[in-house]
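Working notes, structure below.
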Amino acid sequence: MHRRDLSKILVASAAGAVLVPKRTEARASSAPCCVRTAAEIRAKVTPTDTSYPPMWPERYGLNEKPGTTDMTAAVQAAIDVAKVGGGTVVLNGNGSVWPYLLTRALDCTPITPGTPVGFTIRCEGHMLADTNNGPYYPPLLARHTGVAVFDCTGSYGINFENVAVGTDTAAFPKTCFFLARSSFGNSQFHRFTNCRVIGQFSVAVLYNYGSEDDVHMGCYFRNAAGTPGTSVVCITGNNTAGLSSPFATVAKRAQSTIDHSFFGGQYFNETADLTSDVFHLEGNVQNVRLYGQWVDCTKGPSGGRALIYCDSTHAPINMLEVHGMQVENPAGAYQDYGIYMGGGTNTATTWRLDNCYLAHNVAWLKFAPDQNIQQLSISNAYFNIVNGGVVIPGIVSNSNMQTDVMELTIGTSRNNILQGSSLHWRIGSRTGDSWIDTSVPSWTPLTSALKVAGALRVAGERVAYHGQRVTVTCQMQASVSIACAAGTALAGLPIASVIDGECRVIDMTSSALIGIGTTRGSSMILPAVGATGHTLLFIAEYFCS
């Protein structure tokens with residue numbers, strides 16, 4: 001048969017695996033001009049029940065024991081044809097409650113290394129029960145311990161549409177989708193649309209090593225393997241799990257791994273091991289964009305490690321965007337971290353986190369002590385606990401953080417804009433910061449240097465921050481009198497002035513200005529105050545570091 005004949009429709013599986021070439025894809029539901037099933041290839045079997053559609057396996061009498069018949073060869077036959085000239089491999093459901101069995105990895109690698117052909121794999125007609133509560137009836141069931149369900153090493157432009165996969169509970173692959181750069185070059189341009197994978201994978205549902213420009217839309221991935229260190233999505237520039245392909249040579253050493261977009265979908269890790277995550281990003285990974293995911297990293301009463309774990313042992317994770325991520329609420333059982341950054345000493349750059357509810361046990365965002373970051377943007381951060389909110393013991397610079405009442409811990413803050421409650425700020429040192437304090441913090445003046453007769457009442461101790469400008473106020477009234485000599489230091493300012501500011505003392509009874517002093521360090525240097533029984537208002541305005 002000439003290759004041109006493949007412009008027609010090739011039904012390549014007794015399991016309903018159909019190759020629909022690009023030009024005739026819209027006519028996939030019509031009767032094919034040429035039908036070749038895996039059974040026909042092996043034994044020249046003809047359809048036995050034409051009441052079924054041409055793309056359904058029941059047409060070929062193979063619905064007696066669905067879920068037990070090995071259909072790997074049939075599905076692989078369709079994929080092999082697609083790898084020659086493109087087209088669409090259609091995997092149809094069988095109308096029953098059992099999927100078709102796969103006992104080894106499907107080879108989606110190029111026939112000629114380095115010259116891949118793009119194609120589409122699509123599932124149609126399968127039964128799908130409640131994915132949250134089960135049972136789940138996908139058209140494909142993987143029962144093997146190989147590297148993947150779909151091995152796409154070295155491939156370009158594979159589109160997965162409505163692909164639904166489940167696994168055996170005892171024998172299951174390392175990953176469902178293996179996207180890896182091969183020794184012949186890059187792997188790029190894969191697309192995942194409305195894919196649903198629920199099963200057990202000892203590494204991850206999706207494992208990406210060195211593959212770039214992938215897009216995921218509305219996918220549902222759930223990993224329930226009890227293996228430590230699992231994730232739902234692992235994107236790595238160093239093949240952190242050391243996976244290899246039985247069909248192609250996987251690249252070695254560090255690889256560029258950029259441009260990954262995820263739109264919506266649900267991503268659940270049910271391992272609940274303290275080394276397990278939902279998204280695991282590792283070295284040389286950049287431009288990861290997550291928009292509106294519903295995520296979970298728990299099982300029963302225990303939680304995993306992180307919703308997003310960034311391992312910078314080999315290189316920092318740069319240009320991470322997370323928008324509108326929402327954590328599942330498993331009755332208080334949360335993972336330790338919303339987002340965690342660890343590994344070697346590195347400085348990440350350009351992170352944007354907004355409108356995210358990352359419920360946690362330890363921290364909303366946590367950096368290891370030797371990790372720094374610049375150009376970090378946080379806004380509208382939702383959380384379940386105040387303490388342990390954002391914890392970055394290292395250096396944060398040129399960033400803009402809106403943390404509301406969530407705890408903010410920074411070792412060294414440089415040229416940052418902060419907005420939140422300073423009552424929950426723990427900042428070791430700062431240079432060039434500006435901030436807006438949304439709290440109304442109080443302070444306690446040390447009045448021992450004043451000459452007070454009678455009982456002293458102090459009220460209205462308030463601090464207002466306007467960037468680096470600080471305004472401090474308090475009111476004092478003695479039952480008899482208050483007095484002090486010029487130059488008396490009223491100590492106890494909540495934050496020291498770096499440039500001498502102005503201190504005013506006002507008689508609140510007469511609204512008269514008593515005098516003007518200055519600020520120095522953590523003290524107001526007062527003007528002379530004569531003995532008075534009126535209420536005095538002390539105001540200091542100055543700049544801090």
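If you're wondering about the labels, chains in the structure tokens are A, B, ... by order shown, residues count from 1 in each chain, ligands from 1 in order shown.
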(Q) I want to know what sits within 12 Å of Phe184 of chain A, based on only C-alpha atoms, with residues of the same chain fewer than 6 positions away left out; could you give that as number ranges by chain? (A) A: 109-110, 112-116, 153-155, 248-252
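Taking only C-alpha atoms into account, Val498 of chain A lies nearest to A:Cys544 out of the set A:Ala368, A:Leu206, A:Cys234, A:Cys544.
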Q | Straight-line distance linking atom CA of Val75 of chain A with atom CA of Ile121 of chain A, stated in Å to one decimal | A | 10.3 Å
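Residue neighbourhood of Gly338 of chain A, excluding near-sequence residues (fewer than 5 positions): Ala306, Leu307, Leu358, His360, Trp364 and Leu365 of chain A, at 6 Å, using only C-alpha atoms.
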Take the residues just selected and output them with N, CA and C atoms as an mmCIF file, in the first residue's frame.
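The resulting file, selection.cif, is shown below:
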data_model
loop_
_atom_site.group_PDB
_atom_site.id
_atom_site.type_symbol
_atom_site.label_atom_id
_atom_site.label_comp_id
_atom_site.auth_asym_id
_atom_site.auth_seq_id
_atom_site.Cartn_x
_atom_site.Cartn_y
_atom_site.Cartn_z
ATOM 1 N N ALA A 306 4.569 19.999 49.793
ATOM 2 C CA ALA A 306 4.280 21.313 49.226
ATOM 3 C C ALA A 306 3.365 21.200 48.031
ATOM 4 N N LEU A 307 2.601 22.251 47.820
ATOM 5 C CA LEU A 307 1.835 22.346 46.586
ATOM 6 C C LEU A 307 2.778 22.599 45.417
ATOM 7 N N LEU A 358 -3.417 29.225 49.621
ATOM 8 C CA LEU A 358 -2.494 28.111 49.805
ATOM 9 C C LEU A 358 -2.488 27.723 51.277
ATOM 10 N N HIS A 360 -1.919 25.786 54.644
ATOM 11 C CA HIS A 360 -0.659 25.135 54.968
ATOM 12 C C HIS A 360 -0.579 24.860 56.461
ATOM 13 N N TRP A 364 3.028 29.657 54.113
ATOM 14 C CA TRP A 364 2.406 29.928 52.808
ATOM 15 C C TRP A 364 3.480 29.927 51.726
ATOM 16 N N LEU A 365 4.602 30.580 52.019
ATOM 17 C CA LEU A 365 5.769 30.602 51.142
ATOM 18 C C LEU A 365 7.003 30.502 52.017
#
(Q) So that I can see what lies close to Ser276 of chain A, please list as a VMD selection string the residues with an atom at most 8 Å from it, counting only C-alpha atoms and leaving out residues fewer than 5 positions away in the same chain. (A) chain A and resid 228 to 231 269 271 297 304 to 306
Take the residues just selected and output them with N, CA and C atoms as a PDB file, in the first residue's frame.
ATOM      1  N   PRO A 228       7.339   7.325  48.388  1.00  0.00           N
ATOM      2  CA  PRO A 228       7.878   8.623  48.825  1.00  0.00           C
ATOM      3  C   PRO A 228       8.449   9.410  47.644  1.00  0.00           C
ATOM      4  N   GLY A 229       8.357  10.725  47.732  1.00  0.00           N
ATOM      5  CA  GLY A 229       8.948  11.580  46.721  1.00  0.00           C
ATOM      6  C   GLY A 229       8.149  11.727  45.449  1.00  0.00           C
ATOM      7  N   THR A 230       6.895  11.306  45.455  1.00  0.00           N
ATOM      8  CA  THR A 230       6.096  11.434  44.242  1.00  0.00           C
ATOM      9  C   THR A 230       5.633  12.876  44.053  1.00  0.00           C
ATOM     10  N   SER A 231       5.181  13.155  42.845  1.00  0.00           N
ATOM     11  CA  SER A 231       4.538  14.424  42.547  1.00  0.00           C
ATOM     12  C   SER A 231       3.441  14.163  41.527  1.00  0.00           C
ATOM     13  N   ASN A 269      -2.306  15.085  44.807  1.00  0.00           N
ATOM     14  CA  ASN A 269      -1.346  14.072  45.235  1.00  0.00           C
ATOM     15  C   ASN A 269      -1.869  13.474  46.532  1.00  0.00           C
ATOM     16  N   THR A 271      -0.460  10.869  48.147  1.00  0.00           N
ATOM     17  CA  THR A 271       0.549  10.065  48.837  1.00  0.00           C
ATOM     18  C   THR A 271       0.676  10.466  50.292  1.00  0.00           C
ATOM     19  N   CYS A 297      -2.607  18.103  48.412  1.00  0.00           N
ATOM     20  CA  CYS A 297      -1.444  17.255  48.674  1.00  0.00           C
ATOM     21  C   CYS A 297      -1.621  16.580  50.025  1.00  0.00           C
ATOM     22  N   GLY A 304       1.174  16.215  52.739  1.00  0.00           N
ATOM     23  CA  GLY A 304       2.454  16.066  52.065  1.00  0.00           C
ATOM     24  C   GLY A 304       3.384  17.227  52.343  1.00  0.00           C
ATOM     25  N   ARG A 305       4.290  17.490  51.405  1.00  0.00           N
ATOM     26  CA  ARG A 305       5.294  18.524  51.628  1.00  0.00           C
ATOM     27  C   ARG A 305       4.854  19.887  51.104  1.00  0.00           C
ATOM     28  N   ALA A 306       4.569  19.999  49.793  1.00  0.00           N
ATOM     29  CA  ALA A 306       4.280  21.313  49.226  1.00  0.00           C
ATOM     30  C   ALA A 306       3.365  21.200  48.031  1.00  0.00           C
TER      31      ALA A 306
END
Q) Which neighbours of Asn208 of chain A fall inside 9 Å, counting only C-alpha atoms, when residues of the same chain fewer than 2 positions from it are skipped, and could you give them as a ChimeraX atom specification? A) /A:177-181,206,210-212,233-237,239,257
Convert the current residue selection to file output with C-alpha atoms, as a short mmCIF file (atom, residue, chain, number, x, y, z; two decimals), in the first residue's frame.
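Result file is result23.cif:
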data_model
loop_
_atom_site.label_atom_id
_atom_site.label_comp_id
_atom_site.auth_asym_id
_atom_site.auth_seq_id
_atom_site.Cartn_x
_atom_site.Cartn_y
_atom_site.Cartn_z
CA PHE A 177 3.33 11.08 30.18
CA PHE A 178 7.11 10.98 29.72
CA LEU A 179 8.30 14.09 27.89
CA ALA A 180 12.06 13.95 27.57
CA ARG A 181 14.72 15.50 25.41
CA LEU A 206 3.48 14.01 34.09
CA GLY A 210 14.12 19.12 28.94
CA SER A 211 10.89 19.41 26.94
CA GLU A 212 9.81 22.96 26.19
CA VAL A 233 3.70 17.18 37.76
CA CYS A 234 7.51 17.06 37.72
CA ILE A 235 9.40 19.48 35.46
CA THR A 236 13.15 19.05 35.63
CA GLY A 237 16.18 20.26 33.77
CA ASN A 239 16.29 14.39 35.01
CA THR A 257 13.48 23.50 30.24
#
